[in-house]
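J.: The structure follows.
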Amino acid sequence: MIANSNVNYEHEDVLAALAANTPFDDIFYEDSSDEYIKAIGLASRSVVSFLHNNKKPFSGVSPAQLRPQFESIDLNEPLPDYETVISEVEQLYTKHAIAFHHPKYVAHLNCPVVIPAIAAEVMISAINSSLDTWDQSAGGTLIEQKLINWTTSAIGFGSQADGIFTSGGSQSNLMGLLLARDHFSIAHLGHNIKENGLPAEASRFRIFVSEAGHFSIQKNAAILGLGEKSVISIRTDRSFRMNTVLLEDAIRREIELGNIPIAVVATAGTTDFGNIDPMTEIGNLAAKYKLWFHVDAAYGCGLLLSDKHGHLLRGIELANSVTTDYHKAFFQPVSSSAFLVNDKRYFGLITHYADYLNPKSQDDIPNQVNKSIQTTRRFDALKLWFTLRIMGREKLGTYIDKVIETAAQVAVILDEHPDFDLLNHSDLSALVFRYNPFLIKPVSATKMNQFIKAKMLQQGDALVAGTKVNGAFYLKFTLLNPLTTTTHIKNILLTIKKHGNDYIENN
Ligand SMILES: *Cc1c(COP(=O)(O)O)cnc(C)c1O
């Protein structure tokens with residue numbers, strides 16, 4: 001390998017010579033920094049073309065159109081250079097990627113992302129710390145911890161609070177129910193689930209959540225061995241907030257039936273309507289019946305940034321645990337989420353000491369794995385750090401205020417328009433509505449609105465979501481982009497009318 005006879009056989013030089021001639025030059029290390037800068041430069045140029053070339057939220061491509069392009073690709077045969085790979089990926093992906101930053105993307109809970117967070121991503125994946133233990137992250141652990149403390153103090157938790165970054169709201173909700181289950185079992189049955197598995201009584205455990213709560217509650221109950229049937233769905237009131245009279249009725253009824261209420265979940269910002277359950281009342285009921293109180297603020301956590309609307313979260317401080325999704329409402333790239341508790345001792349319920357990783361003898365060292373259900377874990381916290389340190393809470397808060405304001409204006413537009421039914425006024429920024437003009441001939445509003453949604457996805461000029469309420473299909477705007485104006489929305493409403501009228505004509 002070392003052809004040069006003048007080579008100096010000093011150890012370091014041998015290594016350098018080896019490196020220059022061996023195929024290890026793709027490893028990220030000090031001598032590959034030129035390659036690194038080139039690759040990142042090309043990738044970020046491709047991202048800029050994505051911004052400039054994708055003029056609508058979606059190309060409208062179908063799986064049937066895209067799939068054949070994958071057939072001829074042999075993953076065992078690499079391409080010659082970054083330019084070729086990037087152009088391949090542009091054809092297969094970037095050209096058709098859904099553009100969440102586009103002002104006419106108003107479908108799901110995907111926010112546009114802020115640049116400081118993207119810059120942090122560059123550092124996160126290159127330096128590649130793993131936040132499970134101090135000896136794999138060092139300062140990263142303290143950055144995460146400081147952001148957790150910032151969040152718990154914004155929630156209004158006391159000095160015993162703690163938390164952990166997670167992969168998303170579903171995982172945070174899982175941790176909430178896991179701690180609820182295990183805490184209840186130890187406190188009230190003297191049974192340690194972590195050690196002994198589920199007690200016989202577990203089949204009678206009951207969890208309460210509103211019918212507008214997130215489906216991960218049911219899914220997580222299933223994962224936790226309690227079954228989906230352990231989740232009691234509570235009807236909402238006319239504003240799609242949990243009806244607390246019905247909540248108390250349901251708790252009492254379950255007790256009478258011989259079942260065992262263990263937890264209640266309030267949703268601070270429902271996925272469909274963006275409405276916030278009455279958290280103070282729910283918290284008080286939780287205390288009265290000695291239930292774990294979990295708040296799913298995956299969407300509503302954005303209000304922690306807002307001086308204007310922050311009061312809507314009143315009562316969240318009564319929770320035992322809270323879910324926050326920074327990738328829903330803090331303009332962070334996926335993934336960035338946290339799970340917070342009002343008392344750090346709860347995490348002891350899930351701590352497992354492994355001799356190779358976090359031995360019990362090291363309990364004074366901040367090993368975040370003690371609080372997590374993941375082991376290797378991304379340093380997602382750095383994105384929020386960059387964001388808060390560059391933009392600050394106040395500026396980020398004005399973005400949230402703006403989307404709430406736009407949603408309120410859009411609600412007025414829909415309310416006043418005779419051809420649209422609006423179902424809700426949102427605490428946040430999600431509006432459920434349908435096109436339903438007065439017609440002489442009978443047309444199914446559900447079928448027409450399903451047609452409208454499908455047409456919009458096909459054309460890609462604007463994307464809206466859809467949902468079912470009481471068996472009928474509705475369209476949904478989720479407004480998370482401060483760049484979206486009422487003019488954009490009026491434009492989208494024209495598109496909706498056009499597709500709707502086409503449907504009416506042909507049916
Ligand atoms: C999106 C959402 C979740 C799930 O969060 P992921 O980050 O997608 O796992 C949970 N609860 C609510 C209310 C949500 O809107």
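Ordering of the structure tokens sets the chain letters (A, B, ...); residue numbers start at 1 within each chain; ligands are numbered from 1 in the order shown.
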If the limit is 9 Å from any atom of ligand 1, counting only C-alpha atoms and all ligand atoms, which residues qualify? Return them as an MDAnalysis selection string.
T.: chainID A and resid 108:110 166:173 212:217 267:272 274 296:300 323:328 334:337
J.: Show me, as a ChimeraX atom specification, the residues that have an atom within 12 Å of Asn470 of chain A when counting only C-alpha atoms, minus same-chain residues fewer than 4 positions from it.
T.: /A:211-212,235-236,423,446,474
J.: Write the residues you've just listed into a file as a short mmCIF file (atom, residue, chain, number, x, y, z; two decimals), in the first residue's frame, and include all heavy atoms for each of them.
T.:
```
data_model
loop_
_atom_site.label_atom_id
_atom_site.label_comp_id
_atom_site.auth_asym_id
_atom_site.auth_seq_id
_atom_site.Cartn_x
_atom_site.Cartn_y
_atom_site.Cartn_z
N GLU A 211 -63.18 12.20 23.66
CA GLU A 211 -63.32 11.56 22.34
C GLU A 211 -62.48 12.29 21.28
O GLU A 211 -62.20 11.73 20.23
CB GLU A 211 -64.79 11.52 21.91
CG GLU A 211 -65.42 12.91 21.83
CD GLU A 211 -66.92 12.88 21.52
OE1 GLU A 211 -67.39 11.90 20.94
OE2 GLU A 211 -67.59 13.86 21.89
N ALA A 212 -62.06 13.53 21.58
CA ALA A 212 -61.22 14.26 20.62
C ALA A 212 -59.74 14.11 20.94
O ALA A 212 -58.89 14.74 20.31
CB ALA A 212 -61.60 15.75 20.60
N ARG A 235 -67.37 12.19 26.15
CA ARG A 235 -67.93 13.10 25.14
C ARG A 235 -67.45 14.53 25.39
O ARG A 235 -67.22 14.95 26.52
CB ARG A 235 -69.47 13.09 25.21
CG ARG A 235 -70.11 11.79 24.77
CD ARG A 235 -70.06 11.60 23.27
NE ARG A 235 -70.75 12.66 22.54
CZ ARG A 235 -72.07 12.67 22.29
NH1 ARG A 235 -72.82 11.67 22.72
NH2 ARG A 235 -72.61 13.65 21.61
N THR A 236 -67.30 15.25 24.29
CA THR A 236 -66.92 16.66 24.40
C THR A 236 -68.19 17.52 24.41
O THR A 236 -69.27 17.06 24.04
CB THR A 236 -66.04 17.09 23.21
OG1 THR A 236 -66.71 16.75 22.01
CG2 THR A 236 -64.70 16.38 23.25
N LEU A 423 -67.33 24.04 11.91
CA LEU A 423 -67.75 23.29 13.10
C LEU A 423 -67.23 23.88 14.40
O LEU A 423 -67.82 23.67 15.45
CB LEU A 423 -67.25 21.85 13.01
CG LEU A 423 -68.13 20.82 12.31
CD1 LEU A 423 -67.62 19.43 12.64
CD2 LEU A 423 -69.57 20.97 12.74
N THR A 446 -70.68 14.59 2.36
CA THR A 446 -69.50 13.79 2.68
C THR A 446 -68.77 13.41 1.40
O THR A 446 -67.56 13.60 1.26
CB THR A 446 -69.89 12.54 3.49
OG1 THR A 446 -70.12 12.96 4.84
CG2 THR A 446 -68.81 11.47 3.48
N TYR A 474 -65.37 16.00 6.92
CA TYR A 474 -65.10 17.44 6.90
C TYR A 474 -63.68 17.71 6.42
O TYR A 474 -62.81 16.85 6.52
CB TYR A 474 -65.27 18.03 8.31
CG TYR A 474 -66.71 18.17 8.74
CD1 TYR A 474 -67.40 17.07 9.25
CD2 TYR A 474 -67.37 19.38 8.62
CE1 TYR A 474 -68.73 17.20 9.62
CE2 TYR A 474 -68.71 19.51 9.00
CZ TYR A 474 -69.38 18.42 9.50
OH TYR A 474 -70.69 18.53 9.86
#
```
J.: Tell me which protein, DNA and RNA residues are within 7 Å of Leu131 of chain A, counting only C-alpha atoms, leaving out same-chain ones fewer than 3 positions away, and put them as a list in words.
T.: Gln136, Ser137, Gly140, Thr141, Gln368, Thr376, Arg377, Arg378 and Phe379 of chain A
J.: Using only C-alpha atoms, which residues sit within 12 Å of Leu224 of chain A once same-chain residues fewer than 5 positions away are excluded, as a PyMOL selection string?
T.: chain A and resi 173-182+193-194+197-198+202-203+205+207+216-219+230-231
J.: Once you have the residues from the selection above, write them out as a compact mmCIF listing (two decimals), in the first residue's frame, restricted to N, CA and C atoms.
T.:
```txt
# COMPACT_ATOMS: atom_id res chain seq x y z
N ASN A 173 -46.64 10.42 25.42
CA ASN A 173 -47.90 9.93 25.99
C ASN A 173 -47.75 8.52 26.55
N LEU A 174 -46.94 7.70 25.85
CA LEU A 174 -46.68 6.34 26.35
C LEU A 174 -46.02 6.41 27.73
N MET A 175 -45.05 7.31 27.87
CA MET A 175 -44.36 7.43 29.16
C MET A 175 -45.32 7.91 30.25
N GLY A 176 -46.22 8.81 29.88
CA GLY A 176 -47.21 9.30 30.86
C GLY A 176 -48.06 8.16 31.38
N LEU A 177 -48.56 7.34 30.45
CA LEU A 177 -49.43 6.24 30.88
C LEU A 177 -48.65 5.14 31.58
N LEU A 178 -47.39 4.95 31.17
CA LEU A 178 -46.53 3.96 31.82
C LEU A 178 -46.30 4.34 33.29
N LEU A 179 -45.95 5.60 33.52
CA LEU A 179 -45.73 6.02 34.90
C LEU A 179 -47.04 5.99 35.69
N ALA A 180 -48.14 6.38 35.02
CA ALA A 180 -49.44 6.34 35.69
C ALA A 180 -49.77 4.93 36.16
N ARG A 181 -49.57 3.98 35.26
CA ARG A 181 -49.88 2.57 35.55
C ARG A 181 -49.00 2.04 36.69
N ASP A 182 -47.69 2.27 36.56
CA ASP A 182 -46.77 1.70 37.54
C ASP A 182 -46.88 2.39 38.89
N ILE A 193 -44.87 -3.32 39.07
CA ILE A 193 -45.07 -3.87 37.72
C ILE A 193 -43.74 -4.06 37.00
N LYS A 194 -42.79 -3.13 37.21
CA LYS A 194 -41.50 -3.25 36.54
C LYS A 194 -40.86 -4.61 36.87
N GLY A 197 -44.39 -7.66 36.48
CA GLY A 197 -45.40 -7.71 35.42
C GLY A 197 -46.74 -7.24 35.95
N LEU A 198 -47.74 -7.34 35.10
CA LEU A 198 -49.04 -6.78 35.45
C LEU A 198 -49.71 -7.57 36.58
N ALA A 202 -54.99 -5.47 36.71
CA ALA A 202 -54.69 -4.58 35.58
C ALA A 202 -55.77 -4.61 34.50
N SER A 203 -56.44 -5.75 34.38
CA SER A 203 -57.47 -5.82 33.33
C SER A 203 -58.66 -4.91 33.68
N PHE A 205 -58.02 -1.79 35.08
CA PHE A 205 -57.53 -0.39 35.09
C PHE A 205 -58.28 0.41 34.03
N ILE A 207 -58.57 4.36 32.03
CA ILE A 207 -57.96 5.66 31.71
C ILE A 207 -59.02 6.49 31.00
N SER A 216 -53.03 7.95 20.05
CA SER A 216 -51.92 7.27 20.72
C SER A 216 -52.28 6.86 22.15
N ILE A 217 -53.31 7.46 22.71
CA ILE A 217 -53.72 7.04 24.06
C ILE A 217 -54.23 5.59 24.01
N GLN A 218 -55.09 5.29 23.04
CA GLN A 218 -55.59 3.92 22.89
C GLN A 218 -54.45 2.96 22.53
N LYS A 219 -53.62 3.41 21.60
CA LYS A 219 -52.52 2.57 21.14
C LYS A 219 -51.57 2.25 22.29
N SER A 230 -59.48 -0.36 27.99
CA SER A 230 -59.24 0.33 29.27
C SER A 230 -59.42 1.84 29.12
N VAL A 231 -59.47 2.33 27.88
CA VAL A 231 -59.60 3.77 27.66
C VAL A 231 -61.07 4.13 27.52
```
J.: When you draw a straight line from atom CA of Asp31 of chain A to atom CA of Asp135 of chain A, how long is it in Å?
T.: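 Between atom CA of Asp31 of chain A and atom CA of Asp135 of chain A the gap works out to 24.9 Å.
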J.: Segment 99-192 of chain A: which residues are alpha helix (DSSP H) by DSSP, as a PyMOL selection string?
T.: chain A and resi 115-127+139-155+169-189
J.: Residues of segment 89-177 of chain A that have any atom at most 12 Å from an atom of segment 48-54 of chain A: could you tabulate them with the shortest-distance atom pair and the distance in Å to one decimal, using only C-alpha atoms, ordered by chain and increasing number, as a tab-separated table?
T.:
```
residue	atom	partner	partner_atom	distance
A:Val89	CA	A:Phe50	CA	11.4
A:Glu90	CA	A:Phe50	CA	8.5
A:Gln91	CA	A:Phe50	CA	11.3
A:Tyr93	CA	A:Phe50	CA	10.3
A:Thr94	CA	A:Phe50	CA	6.5
A:Lys95	CA	A:Asn54	CA	6.8
A:His96	CA	A:Asn54	CA	8.0
A:Ala97	CA	A:Asn54	CA	8.5
A:Ile98	CA	A:Asn54	CA	9.0
A:Ala99	CA	A:Asn54	CA	7.4
A:Phe100	CA	A:Leu51	CA	10.6
A:His101	CA	A:Leu51	CA	8.7
A:His102	CA	A:Asn54	CA	8.8
```
J.: Using all heavy atoms, can you export the residues from the last selection as a compact mmCIF listing (two decimals), in the first residue's frame?
T.:
```txt
# COMPACT_ATOMS: atom_id res chain seq x y z
N VAL A 89 -31.75 11.63 -5.92
CA VAL A 89 -32.68 11.86 -4.80
C VAL A 89 -33.68 12.98 -5.15
O VAL A 89 -34.84 12.94 -4.76
CB VAL A 89 -31.90 12.17 -3.50
CG1 VAL A 89 -32.82 12.70 -2.41
CG2 VAL A 89 -31.20 10.91 -3.01
N GLU A 90 -33.22 13.94 -5.94
CA GLU A 90 -34.14 15.00 -6.36
C GLU A 90 -35.29 14.42 -7.19
O GLU A 90 -36.45 14.78 -7.01
CB GLU A 90 -33.39 16.09 -7.15
CG GLU A 90 -32.61 17.01 -6.19
CD GLU A 90 -31.68 18.01 -6.86
OE1 GLU A 90 -31.52 17.94 -8.10
OE2 GLU A 90 -31.10 18.84 -6.14
N GLN A 91 -34.95 13.47 -8.07
CA GLN A 91 -36.00 12.83 -8.90
C GLN A 91 -36.94 11.98 -8.06
O GLN A 91 -38.15 11.96 -8.28
CB GLN A 91 -35.35 11.94 -9.97
CG GLN A 91 -34.62 12.72 -11.06
CD GLN A 91 -35.47 13.82 -11.68
OE1 GLN A 91 -36.61 13.59 -12.08
NE2 GLN A 91 -34.94 15.03 -11.73
N TYR A 93 -37.37 12.03 -4.72
CA TYR A 93 -37.89 12.55 -3.46
C TYR A 93 -38.11 14.05 -3.44
O TYR A 93 -39.24 14.53 -3.31
CB TYR A 93 -36.95 12.10 -2.32
CG TYR A 93 -37.17 12.82 -1.02
CD1 TYR A 93 -38.34 12.65 -0.29
CD2 TYR A 93 -36.21 13.70 -0.51
CE1 TYR A 93 -38.56 13.33 0.90
CE2 TYR A 93 -36.42 14.38 0.68
CZ TYR A 93 -37.59 14.19 1.38
OH TYR A 93 -37.80 14.86 2.54
N THR A 94 -37.01 14.80 -3.55
CA THR A 94 -37.09 16.25 -3.28
C THR A 94 -38.13 16.96 -4.15
O THR A 94 -38.90 17.78 -3.65
CB THR A 94 -35.71 16.91 -3.49
OG1 THR A 94 -34.70 15.96 -3.14
CG2 THR A 94 -35.56 18.13 -2.64
N LYS A 95 -38.15 16.60 -5.45
CA LYS A 95 -39.09 17.20 -6.38
C LYS A 95 -40.54 17.05 -5.93
O LYS A 95 -41.39 17.89 -6.24
CB LYS A 95 -38.96 16.46 -7.72
CG LYS A 95 -38.57 17.31 -8.88
CD LYS A 95 -38.28 16.45 -10.10
CE LYS A 95 -39.54 16.07 -10.86
NZ LYS A 95 -39.20 15.39 -12.14
N HIS A 96 -40.80 15.96 -5.24
CA HIS A 96 -42.18 15.64 -4.86
C HIS A 96 -42.42 15.80 -3.37
O HIS A 96 -43.52 15.53 -2.89
CB HIS A 96 -42.51 14.19 -5.25
CG HIS A 96 -42.24 13.87 -6.69
ND1 HIS A 96 -43.00 14.39 -7.71
CD2 HIS A 96 -41.27 13.12 -7.28
CE1 HIS A 96 -42.53 13.95 -8.87
NE2 HIS A 96 -41.47 13.20 -8.64
N ALA A 97 -41.39 16.19 -2.63
CA ALA A 97 -41.56 16.25 -1.17
C ALA A 97 -42.64 17.27 -0.82
O ALA A 97 -42.80 18.28 -1.51
CB ALA A 97 -40.25 16.64 -0.50
N ILE A 98 -43.39 16.98 0.24
CA ILE A 98 -44.42 17.91 0.68
C ILE A 98 -43.72 19.11 1.31
O ILE A 98 -42.88 18.95 2.20
CB ILE A 98 -45.36 17.25 1.72
CG1 ILE A 98 -45.78 15.84 1.30
CG2 ILE A 98 -46.55 18.16 2.01
CD1 ILE A 98 -46.72 15.75 0.15
N ALA A 99 -44.07 20.30 0.83
CA ALA A 99 -43.38 21.51 1.29
C ALA A 99 -44.15 22.16 2.43
O ALA A 99 -45.08 22.93 2.23
CB ALA A 99 -43.24 22.49 0.12
N PHE A 100 -43.73 21.83 3.65
CA PHE A 100 -44.44 22.34 4.83
C PHE A 100 -44.28 23.86 4.99
O PHE A 100 -45.02 24.48 5.72
CB PHE A 100 -43.93 21.65 6.10
CG PHE A 100 -44.20 20.17 6.16
CD1 PHE A 100 -43.35 19.33 6.87
CD2 PHE A 100 -45.30 19.62 5.53
CE1 PHE A 100 -43.60 17.96 6.94
CE2 PHE A 100 -45.56 18.25 5.58
CZ PHE A 100 -44.69 17.42 6.30
N HIS A 101 -43.26 24.41 4.33
CA HIS A 101 -43.04 25.86 4.46
C HIS A 101 -43.95 26.65 3.52
O HIS A 101 -44.04 27.86 3.61
CB HIS A 101 -41.59 26.20 4.15
CG HIS A 101 -41.21 25.86 2.73
ND1 HIS A 101 -40.75 24.62 2.37
CD2 HIS A 101 -41.28 26.58 1.59
CE1 HIS A 101 -40.54 24.59 1.05
NE2 HIS A 101 -40.86 25.77 0.55
N HIS A 102 -44.61 25.95 2.58
CA HIS A 102 -45.44 26.66 1.62
C HIS A 102 -46.70 27.20 2.31
O HIS A 102 -47.37 26.47 3.03
CB HIS A 102 -45.82 25.70 0.47
CG HIS A 102 -46.37 26.43 -0.72
ND1 HIS A 102 -47.62 27.02 -0.71
CD2 HIS A 102 -45.85 26.67 -1.94
CE1 HIS A 102 -47.83 27.59 -1.89
NE2 HIS A 102 -46.76 27.39 -2.65
```
J.: Considering only C-alpha atoms, state which residue in the set A:Ala221, A:Ala462, A:Leu493, A:Ala408 is at the smallest distance from Ala107 of chain A.
T.: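 Once distances to Ala107 of chain A are computed over only C-alpha atoms, the minimum belongs to A:Ala462.
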J.: Of the candidates A:Gln374, A:Asn449, A:Thr486, A:Ser321, which shows the shortest atom-to-atom distance to Lys498 of chain A, using only C-alpha atoms?
T.: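 Comparing A:Gln374, A:Asn449, A:Thr486, A:Ser321 against Lys498 of chain A, the winner is A:Asn449.
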J.: Report as JSON, numbers by chain all protein, DNA and RNA residues lying within 12 Å of Met391 of chain A, evaluated on only C-alpha atoms, omitting residues in the same chain fewer than 4 positions from it.
T.: {"A": [114, 115, 116, 117, 305, 330, 331, 383, 384, 385, 386, 387, 395, 396, 397, 398, 399]}
J.: With N, CA, C and O atoms retained, write the just-selected residues as a short mmCIF file (atom, residue, chain, number, x, y, z; two decimals), in the first residue's frame.
T.:
```cif
data_model
loop_
_atom_site.label_atom_id
_atom_site.label_comp_id
_atom_site.auth_asym_id
_atom_site.auth_seq_id
_atom_site.Cartn_x
_atom_site.Cartn_y
_atom_site.Cartn_z
N VAL A 114 -37.55 26.68 11.71
CA VAL A 114 -36.73 27.89 11.75
C VAL A 114 -35.26 27.55 11.48
O VAL A 114 -34.78 26.46 11.82
N ILE A 115 -34.57 28.50 10.88
CA ILE A 115 -33.20 28.26 10.42
C ILE A 115 -32.23 27.92 11.57
O ILE A 115 -31.40 27.01 11.40
N PRO A 116 -32.30 28.58 12.72
CA PRO A 116 -31.34 28.18 13.78
C PRO A 116 -31.41 26.69 14.10
O PRO A 116 -30.38 26.06 14.36
N ALA A 117 -32.62 26.14 14.06
CA ALA A 117 -32.77 24.71 14.38
C ALA A 117 -32.13 23.84 13.30
O ALA A 117 -31.56 22.79 13.59
N LEU A 305 -45.08 29.81 24.73
CA LEU A 305 -44.26 30.90 24.18
C LEU A 305 -45.00 32.22 24.15
O LEU A 305 -44.40 33.26 23.89
N PHE A 330 -43.28 24.56 18.00
CA PHE A 330 -42.14 25.43 18.30
C PHE A 330 -41.27 25.62 17.05
O PHE A 330 -40.12 26.03 17.14
N PHE A 331 -41.83 25.25 15.88
CA PHE A 331 -41.12 25.46 14.61
C PHE A 331 -39.79 24.69 14.55
O PHE A 331 -38.81 25.16 13.99
N LYS A 383 -31.33 21.77 18.90
CA LYS A 383 -32.11 22.59 17.97
C LYS A 383 -32.89 23.66 18.71
O LYS A 383 -32.92 24.82 18.31
N LEU A 384 -33.50 23.25 19.81
CA LEU A 384 -34.28 24.22 20.60
C LEU A 384 -33.34 25.23 21.25
O LEU A 384 -33.66 26.42 21.39
N TRP A 385 -32.16 24.76 21.63
CA TRP A 385 -31.16 25.67 22.22
C TRP A 385 -30.78 26.77 21.23
O TRP A 385 -30.84 27.95 21.53
N PHE A 386 -30.40 26.37 20.02
CA PHE A 386 -30.06 27.34 18.97
C PHE A 386 -31.24 28.31 18.78
O PHE A 386 -31.04 29.52 18.65
N THR A 387 -32.43 27.77 18.72
CA THR A 387 -33.62 28.58 18.44
C THR A 387 -33.83 29.63 19.52
O THR A 387 -34.03 30.82 19.22
N LYS A 395 -39.77 36.35 20.30
CA LYS A 395 -39.96 36.36 18.85
C LYS A 395 -40.67 35.09 18.38
O LYS A 395 -41.58 35.14 17.56
N LEU A 396 -40.25 33.96 18.96
CA LEU A 396 -40.90 32.69 18.61
C LEU A 396 -42.39 32.77 18.97
O LEU A 396 -43.25 32.27 18.24
N GLY A 397 -42.67 33.42 20.10
CA GLY A 397 -44.06 33.58 20.55
C GLY A 397 -44.90 34.38 19.57
O GLY A 397 -46.09 34.11 19.38
N THR A 398 -44.29 35.37 18.89
CA THR A 398 -45.07 36.15 17.93
C THR A 398 -45.48 35.29 16.73
O THR A 398 -46.50 35.55 16.11
N TYR A 399 -44.70 34.26 16.43
CA TYR A 399 -45.08 33.36 15.34
C TYR A 399 -46.36 32.59 15.71
O TYR A 399 -47.25 32.41 14.89
#
```
J.: Looking at A:Ile260, A:Val403, A:Leu388, A:Ile350, which one is nearest to His309 of chain A, with distances taken over only C-alpha atoms?
T.: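 Ranking A:Ile260, A:Val403, A:Leu388, A:Ile350 by distance to His309 of chain A, first place goes to A:Val403.
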J.: What parts of segment 151-343 of chain A does DSSP call strand (DSSP E or B)? I'd like the answer as a VMD selection string.
T.: chain A and resid 162 to 166 205 to 210 231 to 234 236 242 260 to 268 276 292 to 297 321 to 325 337 to 341
J.: Using only C-alpha atoms, can you tell me which of A:Thr375, A:Gln332, A:Thr467, A:Asn491 comes closest to Ala120 of chain A?
T.: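 Between A:Thr375, A:Gln332, A:Thr467, A:Asn491, the residue approaching Ala120 of chain A most closely is A:Gln332.
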J.: Check the smallest atom-to-atom distance from each of A:Pro80, A:Leu303, A:Ala329, A:Leu312 to Thr280 of chain A using only C-alpha atoms, then report the winner.
T.: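 Smallest separation from Thr280 of chain A among the options: A:Leu312.
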J.: Do you know which residues are at most 9 Å from Gly158 of chain A counting only C-alpha atoms, after dropping those on the same chain fewer than 4 positions away, and could you put them as a PyMOL selection string?
T.: chain A and resi 152-153+317+342-343
J.: Could you check how far atom CA of Ile404 of chain A sits from atom CA of Thr151 of chain A, in Å to one decimal?
T.: 21.0 Å
J.: Which residues are near Asp421 of chain A? Cut-off 10 Å, only C-alpha atoms, ignore same chain within fewer than 2 positions. Put them as JSON, numbers by chain.
T.: {"A": [414, 415, 416, 417, 418, 419, 423, 424, 432, 433, 434, 435, 436, 437, 474]}
J.: Given the selection you just returned, output its residues as a file containing N, CA and C atoms, formatted as a compact mmCIF listing (two decimals), in the first residue's frame.
T.:
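And here's result07.txt as it stands now:
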```txt
# COMPACT_ATOMS: atom_id res chain seq x y z
N LEU A 414 -65.19 31.92 7.27
CA LEU A 414 -65.99 30.71 7.06
C LEU A 414 -67.39 30.86 7.67
N ASP A 415 -67.45 31.51 8.83
CA ASP A 415 -68.75 31.73 9.50
C ASP A 415 -69.67 32.57 8.62
N GLU A 416 -69.08 33.57 7.98
CA GLU A 416 -69.91 34.51 7.22
C GLU A 416 -70.26 33.99 5.83
N HIS A 417 -69.53 32.97 5.39
CA HIS A 417 -69.75 32.47 4.03
C HIS A 417 -70.93 31.49 4.02
N PRO A 418 -71.97 31.77 3.23
CA PRO A 418 -73.16 30.91 3.27
C PRO A 418 -72.89 29.49 2.75
N ASP A 419 -71.84 29.29 1.95
CA ASP A 419 -71.61 27.98 1.34
C ASP A 419 -70.74 27.05 2.18
N LEU A 423 -67.33 24.04 11.91
CA LEU A 423 -67.75 23.29 13.10
C LEU A 423 -67.23 23.88 14.40
N ASN A 424 -66.08 24.54 14.36
CA ASN A 424 -65.48 24.95 15.65
C ASN A 424 -64.79 26.31 15.56
N VAL A 432 -62.27 23.02 11.43
CA VAL A 432 -62.93 21.91 10.74
C VAL A 432 -64.18 22.46 10.06
N PHE A 433 -64.30 22.22 8.77
CA PHE A 433 -65.38 22.85 8.00
C PHE A 433 -65.69 21.99 6.77
N ARG A 434 -66.76 22.33 6.08
CA ARG A 434 -67.02 21.65 4.80
C ARG A 434 -67.72 22.59 3.84
N TYR A 435 -67.58 22.27 2.58
CA TYR A 435 -68.30 22.99 1.54
C TYR A 435 -69.70 22.38 1.48
N ASN A 436 -70.71 23.20 1.61
CA ASN A 436 -72.07 22.67 1.70
C ASN A 436 -73.07 23.72 1.22
N PRO A 437 -73.00 24.08 -0.07
CA PRO A 437 -73.90 25.13 -0.56
C PRO A 437 -75.33 24.64 -0.60
N TYR A 474 -65.37 16.00 6.92
CA TYR A 474 -65.10 17.44 6.90
C TYR A 474 -63.68 17.71 6.42
```
J.: Taking only C-alpha atoms into account, which of A:His311, A:Arg252, A:His183, A:Lys453 comes nearest Trp292 of chain A?
T.: A:His183
